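For reference, upload22.pdb is printed below; it contains PDB, C-alpha atoms and all ligand atoms.
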```
ATOM      1  CA  MET M   1      -6.846 -12.294   8.937  1.00  0.00           C
ATOM      2  CA  ARG M   2     -10.608 -12.867   9.362  1.00  0.00           C
ATOM      3  CA  LEU M   3     -12.624  -9.772   8.447  1.00  0.00           C
ATOM      4  CA  ARG M   4     -16.131  -9.020   9.663  1.00  0.00           C
ATOM      5  CA  HIS M   5     -18.757  -8.889   6.930  1.00  0.00           C
ATOM      6  CA  ILE M   6     -20.402  -5.463   6.648  1.00  0.00           C
ATOM      7  CA  ALA M   7     -23.521  -5.650   4.450  1.00  0.00           C
ATOM      8  CA  LYS M   8     -23.535  -1.968   3.512  1.00  0.00           C
ATOM      9  CA  ALA M   9     -19.829  -1.912   2.587  1.00  0.00           C
ATOM     10  CA  GLU M  10     -20.180  -3.065  -1.019  1.00  0.00           C
ATOM     11  CA  PRO M  11     -23.002  -0.697  -2.052  1.00  0.00           C
ATOM     12  CA  PHE M  12     -21.203   2.196  -0.347  1.00  0.00           C
ATOM     13  CA  ILE M  13     -17.951   1.449  -2.210  1.00  0.00           C
ATOM     14  CA  MET M  14     -19.791   1.069  -5.517  1.00  0.00           C
ATOM     15  CA  GLU M  15     -21.374   4.518  -5.095  1.00  0.00           C
ATOM     16  CA  SER M  16     -18.308   6.337  -3.753  1.00  0.00           C
ATOM     17  CA  GLU M  17     -16.854   9.177  -5.801  1.00  0.00           C
ATOM     18  CA  TYR M  18     -13.512   8.538  -4.063  1.00  0.00           C
ATOM     19  CA  VAL M  19     -13.211   5.095  -5.672  1.00  0.00           C
ATOM     20  CA  GLU M  20     -12.088   4.814  -9.290  1.00  0.00           C
ATOM     21  CA  HIS M  21     -14.479   2.148 -10.561  1.00  0.00           C
ATOM     22  CA  ASP M  22     -12.791   1.601 -13.938  1.00  0.00           C
ATOM     23  CA  PRO M  23      -9.095   1.879 -13.036  1.00  0.00           C
ATOM     24  CA  SER M  24      -7.772   0.171 -16.171  1.00  0.00           C
ATOM     25  CA  SER M  25      -9.251   3.023 -18.236  1.00  0.00           C
ATOM     26  CA  CYS M  26      -6.882   5.373 -16.350  1.00  0.00           C
ATOM     27  CA  LYS M  27      -3.721   3.402 -17.218  1.00  0.00           C
ATOM     28  CA  GLY M  28      -1.152   5.939 -18.459  1.00  0.00           C
ATOM     29  CA  ARG M  29      -3.633   8.766 -17.707  1.00  0.00           C
ATOM     30  CA  TRP M  30      -3.658   9.071 -13.918  1.00  0.00           C
ATOM     31  CA  LYS M  31      -2.431  12.672 -14.155  1.00  0.00           C
ATOM     32  CA  GLU M  32      -5.551  13.490 -16.186  1.00  0.00           C
ATOM     33  CA  ARG M  33      -7.694  11.604 -13.673  1.00  0.00           C
ATOM     34  CA  PHE M  34      -6.336  13.780 -10.842  1.00  0.00           C
ATOM     35  CA  ASP M  35      -6.318  16.823 -13.147  1.00  0.00           C
ATOM     36  CA  ASN M  36      -2.737  17.799 -12.259  1.00  0.00           C
ATOM     37  CA  LYS M  37       0.854  16.724 -12.976  1.00  0.00           C
ATOM     38  CA  HIS M  38       1.772  15.689  -9.438  1.00  0.00           C
ATOM     39  CA  PRO M  39       3.700  12.472  -8.749  1.00  0.00           C
ATOM     40  CA  LEU M  40       1.714   9.348  -7.872  1.00  0.00           C
ATOM     41  CA  HIS M  41       2.281   7.341  -4.684  1.00  0.00           C
ATOM     42  CA  ILE M  42       0.326   4.161  -3.986  1.00  0.00           C
ATOM     43  CA  GLU M  43      -0.192   1.987  -0.911  1.00  0.00           C
ATOM     44  CA  ILE M  44      -0.974  -1.696  -1.425  1.00  0.00           C
ATOM     45  CA  GLY M  45      -3.128  -3.181   1.342  1.00  0.00           C
ATOM     46  CA  THR M  46      -4.227   0.161   2.689  1.00  0.00           C
ATOM     47  CA  GLY M  47      -6.605  -1.269   5.319  1.00  0.00           C
ATOM     48  CA  LYS M  48      -8.633   1.387   7.134  1.00  0.00           C
ATOM     49  CA  GLY M  49      -6.602   4.151   5.497  1.00  0.00           C
ATOM     50  CA  GLN M  50      -4.965   5.918   8.457  1.00  0.00           C
ATOM     51  CA  PHE M  51      -1.503   6.011   6.862  1.00  0.00           C
ATOM     52  CA  ILE M  52      -2.423   7.167   3.357  1.00  0.00           C
ATOM     53  CA  MET M  53      -4.978   9.697   4.579  1.00  0.00           C
ATOM     54  CA  THR M  54      -2.450  11.278   6.927  1.00  0.00           C
ATOM     55  CA  LEU M  55       0.081  11.491   4.085  1.00  0.00           C
ATOM     56  CA  ALA M  56      -2.487  12.887   1.621  1.00  0.00           C
ATOM     57  CA  ALA M  57      -3.447  15.637   4.078  1.00  0.00           C
ATOM     58  CA  LEU M  58       0.231  16.508   4.663  1.00  0.00           C
ATOM     59  CA  HIS M  59       1.209  16.442   0.969  1.00  0.00           C
ATOM     60  CA  PRO M  60      -1.317  18.084  -1.362  1.00  0.00           C
ATOM     61  CA  GLU M  61       1.497  18.191  -3.959  1.00  0.00           C
ATOM     62  CA  ILE M  62       1.352  14.380  -4.330  1.00  0.00           C
ATOM     63  CA  ASN M  63      -1.464  12.197  -5.680  1.00  0.00           C
ATOM     64  CA  TYR M  64      -2.233   9.110  -3.596  1.00  0.00           C
ATOM     65  CA  ILE M  65      -4.019   5.877  -4.397  1.00  0.00           C
ATOM     66  CA  GLY M  66      -4.933   3.352  -1.698  1.00  0.00           C
ATOM     67  CA  ILE M  67      -5.364  -0.204  -2.939  1.00  0.00           C
ATOM     68  CA  GLU M  68      -7.372  -2.680  -0.887  1.00  0.00           C
ATOM     69  CA  LYS M  69      -9.019  -6.013  -1.657  1.00  0.00           C
ATOM     70  CA  ALA M  70     -11.255  -6.262   1.418  1.00  0.00           C
ATOM     71  CA  ASP M  71     -14.527  -4.327   1.281  1.00  0.00           C
ATOM     72  CA  SER M  72     -15.015  -4.218   5.072  1.00  0.00           C
ATOM     73  CA  VAL M  73     -11.831  -2.206   5.739  1.00  0.00           C
ATOM     74  CA  LEU M  74     -12.020  -0.169   2.544  1.00  0.00           C
ATOM     75  CA  TYR M  75     -15.499   0.904   3.669  1.00  0.00           C
ATOM     76  CA  LYS M  76     -14.000   2.227   6.945  1.00  0.00           C
ATOM     77  CA  ALA M  77     -11.338   4.163   5.020  1.00  0.00           C
ATOM     78  CA  LEU M  78     -13.979   5.615   2.712  1.00  0.00           C
ATOM     79  CA  LEU M  79     -16.189   6.742   5.599  1.00  0.00           C
ATOM     80  CA  LYS M  80     -13.237   8.887   6.749  1.00  0.00           C
ATOM     81  CA  GLN M  81     -12.506  10.133   3.226  1.00  0.00           C
ATOM     82  CA  HIS M  82     -16.148  11.168   2.745  1.00  0.00           C
ATOM     83  CA  GLU M  83     -15.689  13.439   5.785  1.00  0.00           C
ATOM     84  CA  GLN M  84     -12.215  14.746   4.898  1.00  0.00           C
ATOM     85  CA  LYS M  85     -12.763  14.948   1.110  1.00  0.00           C
ATOM     86  CA  LEU M  86      -9.029  14.933   0.333  1.00  0.00           C
ATOM     87  CA  PRO M  87      -8.834  15.886  -3.374  1.00  0.00           C
ATOM     88  CA  ASN M  88      -5.508  14.099  -3.899  1.00  0.00           C
ATOM     89  CA  LEU M  89      -6.679  10.661  -2.692  1.00  0.00           C
ATOM     90  CA  LEU M  90      -8.487   7.880  -4.535  1.00  0.00           C
ATOM     91  CA  MET M  91      -9.109   4.271  -3.528  1.00  0.00           C
ATOM     92  CA  LEU M  92      -9.188   1.135  -5.659  1.00  0.00           C
ATOM     93  CA  TRP M  93     -11.104  -2.005  -4.647  1.00  0.00           C
ATOM     94  CA  ILE M  94      -8.829  -4.521  -6.349  1.00  0.00           C
ATOM     95  CA  TYR M  95      -6.203  -7.193  -5.744  1.00  0.00           C
ATOM     96  CA  ALA M  96      -2.536  -6.268  -6.182  1.00  0.00           C
ATOM     97  CA  ASP M  97      -2.310  -8.750  -9.068  1.00  0.00           C
ATOM     98  CA  GLU M  98      -4.105  -6.211 -11.246  1.00  0.00           C
ATOM     99  CA  LEU M  99      -1.387  -3.540 -10.927  1.00  0.00           C
ATOM    100  CA  PRO M 100       0.120  -3.957 -14.438  1.00  0.00           C
ATOM    101  CA  ASN M 101      -3.372  -3.499 -15.978  1.00  0.00           C
ATOM    102  CA  ILE M 102      -3.876  -0.265 -14.072  1.00  0.00           C
ATOM    103  CA  PHE M 103      -0.570   1.579 -14.114  1.00  0.00           C
ATOM    104  CA  ASP M 104       1.670   2.204 -17.104  1.00  0.00           C
ATOM    105  CA  LYS M 105       5.422   1.675 -17.184  1.00  0.00           C
ATOM    106  CA  GLY M 106       7.062   4.189 -14.819  1.00  0.00           C
ATOM    107  CA  GLU M 107       3.747   5.807 -13.860  1.00  0.00           C
ATOM    108  CA  VAL M 108       4.156   5.283 -10.095  1.00  0.00           C
ATOM    109  CA  ALA M 109       6.804   7.205  -8.137  1.00  0.00           C
ATOM    110  CA  ARG M 110       6.482   5.348  -4.828  1.00  0.00           C
ATOM    111  CA  ILE M 111       4.907   2.167  -3.474  1.00  0.00           C
ATOM    112  CA  TYR M 112       4.141   1.694   0.216  1.00  0.00           C
ATOM    113  CA  LEU M 113       3.796  -1.813   1.648  1.00  0.00           C
ATOM    114  CA  ASN M 114       2.724  -1.579   5.275  1.00  0.00           C
ATOM    115  CA  PHE M 115       2.257  -4.656   7.468  1.00  0.00           C
ATOM    116  CA  SER M 116       1.526  -6.887   4.507  1.00  0.00           C
ATOM    117  CA  ASP M 117      -0.038 -10.268   5.341  1.00  0.00           C
ATOM    118  CA  PRO M 118       2.889 -12.594   6.248  1.00  0.00           C
ATOM    119  CA  TRP M 119       1.586 -15.838   4.693  1.00  0.00           C
ATOM    120  CA  PRO M 120       3.862 -17.898   7.035  1.00  0.00           C
ATOM    121  CA  LYS M 121       3.535 -21.264   5.249  1.00  0.00           C
ATOM    122  CA  ASP M 122       6.254 -21.932   2.635  1.00  0.00           C
ATOM    123  CA  ARG M 123       3.685 -23.164   0.139  1.00  0.00           C
ATOM    124  CA  HIS M 124       2.042 -19.716   0.250  1.00  0.00           C
ATOM    125  CA  ALA M 125       5.293 -17.749  -0.186  1.00  0.00           C
ATOM    126  CA  ASP M 126       4.327 -16.424  -3.615  1.00  0.00           C
ATOM    127  CA  ARG M 127       1.261 -14.741  -2.038  1.00  0.00           C
ATOM    128  CA  ARG M 128       3.529 -12.467   0.022  1.00  0.00           C
ATOM    129  CA  LEU M 129       3.469  -8.948  -1.427  1.00  0.00           C
ATOM    130  CA  THR M 130       7.295  -8.953  -1.339  1.00  0.00           C
ATOM    131  CA  SER M 131       7.672 -12.207  -3.308  1.00  0.00           C
ATOM    132  CA  LYS M 132       9.520 -12.075  -6.634  1.00  0.00           C
ATOM    133  CA  LYS M 133       6.185 -12.310  -8.464  1.00  0.00           C
ATOM    134  CA  TYR M 134       5.006  -9.013  -6.966  1.00  0.00           C
ATOM    135  CA  LEU M 135       8.429  -7.312  -7.002  1.00  0.00           C
ATOM    136  CA  ASP M 136       8.583  -7.959 -10.766  1.00  0.00           C
ATOM    137  CA  MET M 137       5.139  -6.338 -11.113  1.00  0.00           C
ATOM    138  CA  TYR M 138       6.267  -3.308  -9.097  1.00  0.00           C
ATOM    139  CA  ARG M 139       9.308  -2.955 -11.350  1.00  0.00           C
ATOM    140  CA  GLN M 140       6.997  -2.668 -14.371  1.00  0.00           C
ATOM    141  CA  ILE M 141       5.061   0.292 -12.978  1.00  0.00           C
ATOM    142  CA  LEU M 142       7.692   2.106 -10.903  1.00  0.00           C
ATOM    143  CA  ALA M 143       9.594   5.145 -12.218  1.00  0.00           C
ATOM    144  CA  PRO M 144      13.383   4.576 -12.605  1.00  0.00           C
ATOM    145  CA  ASN M 145      14.047   6.839  -9.595  1.00  0.00           C
ATOM    146  CA  GLY M 146      11.085   5.413  -7.675  1.00  0.00           C
ATOM    147  CA  ARG M 147      11.120   3.371  -4.471  1.00  0.00           C
ATOM    148  CA  ILE M 148       9.251   0.869  -2.366  1.00  0.00           C
ATOM    149  CA  GLU M 149       8.939   1.636   1.344  1.00  0.00           C
ATOM    150  CA  PHE M 150       8.227  -1.483   3.381  1.00  0.00           C
ATOM    151  CA  LYS M 151       7.298  -1.778   7.081  1.00  0.00           C
ATOM    152  CA  THR M 152       6.380  -4.821   9.150  1.00  0.00           C
ATOM    153  CA  ASP M 153       6.524  -6.089  12.727  1.00  0.00           C
ATOM    154  CA  ASN M 154       7.062  -9.640  11.439  1.00  0.00           C
ATOM    155  CA  GLY M 155      10.780 -10.488  11.651  1.00  0.00           C
ATOM    156  CA  LYS M 156      10.516 -13.587   9.440  1.00  0.00           C
ATOM    157  CA  LEU M 157       8.617 -11.704   6.724  1.00  0.00           C
ATOM    158  CA  PHE M 158      11.175  -8.891   6.954  1.00  0.00           C
ATOM    159  CA  GLU M 159      14.224 -11.151   6.474  1.00  0.00           C
ATOM    160  CA  TYR M 160      12.406 -13.003   3.669  1.00  0.00           C
ATOM    161  CA  SER M 161      11.599  -9.685   1.984  1.00  0.00           C
ATOM    162  CA  LEU M 162      15.195  -8.397   2.122  1.00  0.00           C
ATOM    163  CA  ASP M 163      16.413 -11.666   0.526  1.00  0.00           C
ATOM    164  CA  SER M 164      13.592 -11.626  -1.997  1.00  0.00           C
ATOM    165  CA  ALA M 165      14.334  -8.033  -3.047  1.00  0.00           C
ATOM    166  CA  LEU M 166      18.074  -8.678  -3.399  1.00  0.00           C
ATOM    167  CA  PHE M 167      17.395 -11.885  -5.354  1.00  0.00           C
ATOM    168  CA  ALA M 168      15.034  -9.983  -7.679  1.00  0.00           C
ATOM    169  CA  GLY M 169      17.768  -7.397  -8.394  1.00  0.00           C
ATOM    170  CA  TRP M 170      16.609  -4.517  -6.170  1.00  0.00           C
ATOM    171  CA  ARG M 171      18.963  -2.368  -4.129  1.00  0.00           C
ATOM    172  CA  VAL M 172      18.064  -2.430  -0.440  1.00  0.00           C
ATOM    173  CA  SER M 173      18.652   0.635   1.740  1.00  0.00           C
ATOM    174  CA  ASP M 174      17.591   2.449   4.923  1.00  0.00           C
ATOM    175  CA  VAL M 175      17.222  -0.851   6.789  1.00  0.00           C
ATOM    176  CA  THR M 176      16.254  -0.817  10.453  1.00  0.00           C
ATOM    177  CA  ARG M 177      14.845  -3.487  12.731  1.00  0.00           C
ATOM    178  CA  ASP M 178      13.683  -0.930  15.289  1.00  0.00           C
ATOM    179  CA  LEU M 179      12.234   1.959  13.333  1.00  0.00           C
ATOM    180  CA  HIS M 180      10.873   3.928  16.270  1.00  0.00           C
ATOM    181  CA  HIS M 181      14.330   4.103  17.894  1.00  0.00           C
ATOM    182  CA  SER M 182      16.245   4.674  14.663  1.00  0.00           C
ATOM    183  CA  GLU M 183      17.482   7.624  12.627  1.00  0.00           C
ATOM    184  CA  TYR M 184      14.397   7.077  10.408  1.00  0.00           C
ATOM    185  CA  ALA M 185      11.885   7.689  13.225  1.00  0.00           C
ATOM    186  CA  ALA M 186      11.486  11.421  12.542  1.00  0.00           C
ATOM    187  CA  GLY M 187       8.531  12.013  10.242  1.00  0.00           C
ATOM    188  CA  ASN M 188       7.393   8.369  10.392  1.00  0.00           C
ATOM    189  CA  ILE M 189       3.624   8.099   9.828  1.00  0.00           C
ATOM    190  CA  MET M 190       2.054   5.270  11.816  1.00  0.00           C
ATOM    191  CA  THR M 191      -0.412   2.826  10.298  1.00  0.00           C
ATOM    192  CA  GLU M 192      -3.244   1.216  12.301  1.00  0.00           C
ATOM    193  CA  TYR M 193      -1.287  -2.051  12.641  1.00  0.00           C
ATOM    194  CA  GLU M 194       1.915  -0.209  13.511  1.00  0.00           C
ATOM    195  CA  ALA M 195       0.202   1.665  16.355  1.00  0.00           C
ATOM    196  CA  ARG M 196      -1.236  -1.570  17.701  1.00  0.00           C
ATOM    197  CA  PHE M 197       1.926  -3.681  17.436  1.00  0.00           C
ATOM    198  CA  SER M 198       4.283  -1.038  18.787  1.00  0.00           C
ATOM    199  CA  SER M 199       1.962  -0.348  21.751  1.00  0.00           C
ATOM    200  CA  GLU M 200       2.352  -4.080  22.547  1.00  0.00           C
ATOM    201  CA  GLY M 201       6.142  -3.560  22.636  1.00  0.00           C
ATOM    202  CA  ASN M 202       6.984  -5.071  19.225  1.00  0.00           C
ATOM    203  CA  PRO M 203       9.799  -3.353  17.303  1.00  0.00           C
ATOM    204  CA  ILE M 204       8.958  -2.270  13.765  1.00  0.00           C
ATOM    205  CA  CYS M 205      11.197  -3.231  10.834  1.00  0.00           C
ATOM    206  CA  ARG M 206      11.551  -0.962   7.835  1.00  0.00           C
ATOM    207  CA  ALA M 207      13.464  -0.991   4.533  1.00  0.00           C
ATOM    208  CA  VAL M 208      13.529   0.786   1.185  1.00  0.00           C
ATOM    209  CA  PHE M 209      13.858  -1.119  -2.114  1.00  0.00           C
ATOM    210  CA  LEU M 210      15.262   0.733  -5.123  1.00  0.00           C
ATOM    211  CA  PRO M 211      14.844  -0.613  -8.684  1.00  0.00           C
TER     212      PRO M 211
HETATM  213  N1  LIG M 301      -1.606  -1.382   5.858  1.00  0.00           N
HETATM  214  C1  LIG M 301      -2.571  -1.440   6.945  1.00  0.00           C
HETATM  215  C2  LIG M 301      -1.884  -1.173   8.247  1.00  0.00           C
HETATM  216  O1  LIG M 301      -0.643  -1.226   8.300  1.00  0.00           O
HETATM  217  O2  LIG M 301      -2.580  -0.882   9.239  1.00  0.00           O
HETATM  218  C3  LIG M 301      -3.315  -2.800   6.946  1.00  0.00           C
HETATM  219  C4  LIG M 301      -2.460  -4.010   7.192  1.00  0.00           C
HETATM  220  S1  LIG M 301      -3.371  -5.520   7.056  1.00  0.00           S
HETATM  221  C5  LIG M 301      -2.380  -6.690   7.923  1.00  0.00           C
HETATM  222  C6  LIG M 301      -3.064  -5.995   5.373  1.00  0.00           C
HETATM  223  C7  LIG M 301      -4.092  -5.425   4.408  1.00  0.00           C
HETATM  224  O3  LIG M 301      -3.701  -5.735   3.086  1.00  0.00           O
HETATM  225  C8  LIG M 301      -5.485  -6.030   4.596  1.00  0.00           C
HETATM  226  O4  LIG M 301      -6.431  -4.985   4.683  1.00  0.00           O
HETATM  227  C9  LIG M 301      -5.681  -6.895   3.377  1.00  0.00           C
HETATM  228  O5  LIG M 301      -7.047  -6.992   2.988  1.00  0.00           O
HETATM  229  C10 LIG M 301      -4.828  -6.166   2.344  1.00  0.00           C
HETATM  230  N2  LIG M 301      -4.308  -7.040   1.284  1.00  0.00           N
HETATM  231  C11 LIG M 301      -3.650  -8.208   1.473  1.00  0.00           C
HETATM  232  N3  LIG M 301      -3.311  -8.759   0.293  1.00  0.00           N
HETATM  233  C12 LIG M 301      -3.757  -7.901  -0.667  1.00  0.00           C
HETATM  234  C13 LIG M 301      -3.719  -7.928  -2.084  1.00  0.00           C
HETATM  235  N4  LIG M 301      -3.135  -8.932  -2.733  1.00  0.00           N
HETATM  236  N5  LIG M 301      -4.279  -6.907  -2.763  1.00  0.00           N
HETATM  237  C14 LIG M 301      -4.864  -5.879  -2.092  1.00  0.00           C
HETATM  238  N6  LIG M 301      -4.938  -5.805  -0.745  1.00  0.00           N
HETATM  239  C15 LIG M 301      -4.387  -6.802  -0.038  1.00  0.00           C
END
```
Let me see the structure of the file written as structure tokens.
Amino acid sequence: MRLRHIAKAEPFIMESEYVEHDPSSCKGRWKERFDNKHPLHIEIGTGKGQFIMTLAALHPEINYIGIEKADSVLYKALLKQHEQKLPNLLMLWIYADELPNIFDKGEVARIYLNFSDPWPKDRHADRRLTSKKYLDMYRQILAPNGRIEFKTDNGKLFEYSLDSALFAGWRVSDVTRDLHHSEYAAGNIMTEYEARFSSEGNPICRAVFLP
């Protein structure tokens, strides 16, 4: 995905009070950082933030962290957060590879992966956020009763991810290849990509991975 460069994105992110600028210093202490004992849910590849901001507004009893590597889209999410000022939402400008340096064992109750980049070439398979490399990282930080919720419109990435999760020792549940016409449709929160792809008539796949 080619992203447009936005010159003011980086300085805005660096100044934002809704970004934790030293996330490794919060490892094992995220409850203190949020100043409450609420469970922590994270979204990896949060994009422009529609999904996590909707959830954070609906669930003040949960702490949310949106993780995004690209400054141009994180900037758009932050512009919205600076208006809404959701107290239970922080953003991190990092790559997913840093997760084990930022979250302690069992510190995260839920991980959302929404419309992760498919990396279609076989030689790039380990860059997929559902490859064994990343699933092993998620296992390190996820609580024993935690879960990963995964959505994509990409059928090949979906089948790969189910196989990858099973191979890495996860239990796979709540699988649907047409989320919006399934028993899991009620209460589904749409992401930006989900809204776009489903309006073009593409079915949305969804699964839950349990450690
Ligand atoms: N989740 C959003 C949605 O569903 O509308 C955005 C989906 S977009 C296809 C994927 C996002 O994940 C991009 O914003 C990209 O920059 C981010 N991303 C991809 N790989 C990442 C990584 N390794 N670490 C952090 N963010 C990543």
Each residue of chain M lying at most 6 Å from ligand LIG 301 (chain M) should get a row with its shortest atom-to-atom pair and the distance in Å to one decimal, counting all atoms listed in the file; could you produce that, ordered by chain and increasing number, as CSV?
```
residue,atom,partner,partner_atom,distance
M:Ile44,CA,M:LIG301,N6,5.7
M:Gly45,CA,M:LIG301,O3,3.1
M:Thr46,CA,M:LIG301,N1,4.4
M:Gly47,CA,M:LIG301,O4,3.8
M:Ile67,CA,M:LIG301,C14,5.8
M:Glu68,CA,M:LIG301,N6,4.0
M:Lys69,CA,M:LIG301,C14,4.2
M:Ala70,CA,M:LIG301,O5,4.6
M:Ile94,CA,M:LIG301,C14,6.0
M:Tyr95,CA,M:LIG301,N5,3.6
M:Ala96,CA,M:LIG301,N5,3.9
M:Asn114,CA,M:LIG301,N1,4.4
M:Phe115,CA,M:LIG301,O1,4.6
M:Ser116,CA,M:LIG301,C6,4.8
M:Asp117,CA,M:LIG301,C5,5.0
M:Thr191,CA,M:LIG301,O2,4.4
M:Glu192,CA,M:LIG301,O2,3.8
M:Tyr193,CA,M:LIG301,O2,3.8
M:Glu194,CA,M:LIG301,O1,5.9
```
Next on the checklist: I'd like the neighbourhood of Ser72 in chain M as an MDAnalysis selection string, where a residue qualifies if any of its atoms comes within 9 Å (using only C-alpha atoms), though same-chain residues fewer than 5 positions away should be ignored.
Outcome noted: chainID M and resid 3:10 47:48
Checklist entry - Selected by the PyMOL selection byres (((chain M and resi 102) around 9) and not hetatm) in the shown coordinates: which residues, as a PyMOL selection string? => result chain M and resi 23-28+98-101+103-104
Item to check | Counting all atoms listed in the file, the residue of M:Lys121, M:Arg147, M:Lys156, M:Arg110 that sits nearest Asp174 in chain M | outcome: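 Checking each candidate against Asp174 in chain M, we get M:Arg147 as the closest.
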Next on the checklist: Can you pull out the residues contacting Tyr138 in chain M? Cut-off 12 Å, using all atoms listed in the file, and skip same-chain residues under 2 positions away; I want them as number ranges by chain.
Outcome noted: M: 42-44, 96-113, 129-136, 140-144, 146-149, 165, 168, 170, 209-211
Next on the checklist: Using only C-alpha atoms for the distances, tell me which of M:Glu17, M:Glu32, M:Asp71, M:Asp178 is nearest to Lys151 in chain M.
Outcome noted: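 Of M:Glu17, M:Glu32, M:Asp71, M:Asp178, the one nearest Lys151 in chain M, counting only C-alpha atoms, is M:Asp178.
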Item to check | Best match for closeness to Ala195 in chain M among M:Phe167, M:Asn88, M:Lys80, M:Asp153, counting only C-alpha atoms | outcome: M:Asp153
Next on the checklist: I'd like to see the residues matched by the PyMOL selection byres (((chain M and resi 59) around 12) and not hetatm) on this file, and ideally I'd get them as a VMD selection string.
Outcome noted: chain M and resid 38 to 41 52 to 58 60 to 64 86 to 89
Item to check | CA of Pro11 in chain M to CA of Leu90 in chain M, distance in Å rounded to a single decimal | outcome: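 A separation of 17.0 Å between them.
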Item to check | Interatomic distance (Å, one decimal) between CA of Arg196 in chain M and CA of Arg123 in chain M | outcome: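 For CA of Arg196 in chain M relative to CA of Arg123 in chain M, the distance reads 28.3 Å.
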Item to check | Atom pair CA of Pro118 in chain M / CA of Ser164 in chain M: separation (Å) | outcome: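 Separation between CA of Pro118 in chain M and CA of Ser164 in chain M: 13.5 Å.
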Checklist entry - Pick from M:Trp119, M:Tyr18, M:Phe34, M:Phe51: nearest to Glu83 in chain M, with all atoms listed in the file counted? => result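 Under the stated criterion, the closest residue is M:Tyr18.
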Range 78-89 of chain M rebuilt with N, CA, C and O atoms, output as a PDB file, in the coordinates of the input:
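In the end it all went to selection_26.pdb:
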```pdb
ATOM      1  N   LEU M  78     -13.148   4.700   3.516  1.00  0.00           N
ATOM      2  CA  LEU M  78     -13.979   5.615   2.712  1.00  0.00           C
ATOM      3  C   LEU M  78     -14.883   6.483   3.588  1.00  0.00           C
ATOM      4  O   LEU M  78     -15.136   7.646   3.258  1.00  0.00           O
ATOM      5  N   LEU M  79     -15.364   5.925   4.692  1.00  0.00           N
ATOM      6  CA  LEU M  79     -16.189   6.742   5.599  1.00  0.00           C
ATOM      7  C   LEU M  79     -15.395   7.974   6.038  1.00  0.00           C
ATOM      8  O   LEU M  79     -15.914   9.088   6.083  1.00  0.00           O
ATOM      9  N   LYS M  80     -14.098   7.756   6.335  1.00  0.00           N
ATOM     10  CA  LYS M  80     -13.237   8.887   6.749  1.00  0.00           C
ATOM     11  C   LYS M  80     -13.016   9.845   5.576  1.00  0.00           C
ATOM     12  O   LYS M  80     -13.061  11.065   5.728  1.00  0.00           O
ATOM     13  N   GLN M  81     -12.772   9.279   4.388  1.00  0.00           N
ATOM     14  CA  GLN M  81     -12.506  10.133   3.226  1.00  0.00           C
ATOM     15  C   GLN M  81     -13.747  10.950   2.850  1.00  0.00           C
ATOM     16  O   GLN M  81     -13.624  12.091   2.399  1.00  0.00           O
ATOM     17  N   HIS M  82     -14.932  10.402   3.053  1.00  0.00           N
ATOM     18  CA  HIS M  82     -16.148  11.168   2.745  1.00  0.00           C
ATOM     19  C   HIS M  82     -16.302  12.349   3.694  1.00  0.00           C
ATOM     20  O   HIS M  82     -16.975  13.325   3.364  1.00  0.00           O
ATOM     21  N   GLU M  83     -15.692  12.269   4.879  1.00  0.00           N
ATOM     22  CA  GLU M  83     -15.689  13.439   5.785  1.00  0.00           C
ATOM     23  C   GLU M  83     -14.578  14.405   5.407  1.00  0.00           C
ATOM     24  O   GLU M  83     -14.780  15.607   5.343  1.00  0.00           O
ATOM     25  N   GLN M  84     -13.385  13.871   5.137  1.00  0.00           N
ATOM     26  CA  GLN M  84     -12.215  14.746   4.898  1.00  0.00           C
ATOM     27  C   GLN M  84     -12.167  15.284   3.471  1.00  0.00           C
ATOM     28  O   GLN M  84     -11.588  16.339   3.236  1.00  0.00           O
ATOM     29  N   LYS M  85     -12.705  14.521   2.522  1.00  0.00           N
ATOM     30  CA  LYS M  85     -12.763  14.948   1.110  1.00  0.00           C
ATOM     31  C   LYS M  85     -11.392  15.380   0.573  1.00  0.00           C
ATOM     32  O   LYS M  85     -11.269  16.448  -0.041  1.00  0.00           O
ATOM     33  N   LEU M  86     -10.376  14.590   0.819  1.00  0.00           N
ATOM     34  CA  LEU M  86      -9.029  14.933   0.333  1.00  0.00           C
ATOM     35  C   LEU M  86      -9.011  14.824  -1.194  1.00  0.00           C
ATOM     36  O   LEU M  86      -9.279  13.747  -1.743  1.00  0.00           O
ATOM     37  N   PRO M  87      -8.714  15.914  -1.909  1.00  0.00           N
ATOM     38  CA  PRO M  87      -8.834  15.886  -3.374  1.00  0.00           C
ATOM     39  C   PRO M  87      -7.732  15.071  -4.048  1.00  0.00           C
ATOM     40  O   PRO M  87      -7.854  14.719  -5.224  1.00  0.00           O
ATOM     41  N   ASN M  88      -6.659  14.803  -3.324  1.00  0.00           N
ATOM     42  CA  ASN M  88      -5.508  14.099  -3.899  1.00  0.00           C
ATOM     43  C   ASN M  88      -5.478  12.627  -3.507  1.00  0.00           C
ATOM     44  O   ASN M  88      -4.418  11.996  -3.531  1.00  0.00           O
ATOM     45  N   LEU M  89      -6.637  12.065  -3.123  1.00  0.00           N
ATOM     46  CA  LEU M  89      -6.679  10.661  -2.692  1.00  0.00           C
ATOM     47  C   LEU M  89      -7.839   9.919  -3.346  1.00  0.00           C
ATOM     48  O   LEU M  89      -8.991  10.346  -3.262  1.00  0.00           O
TER      49      LEU M  89
END
```
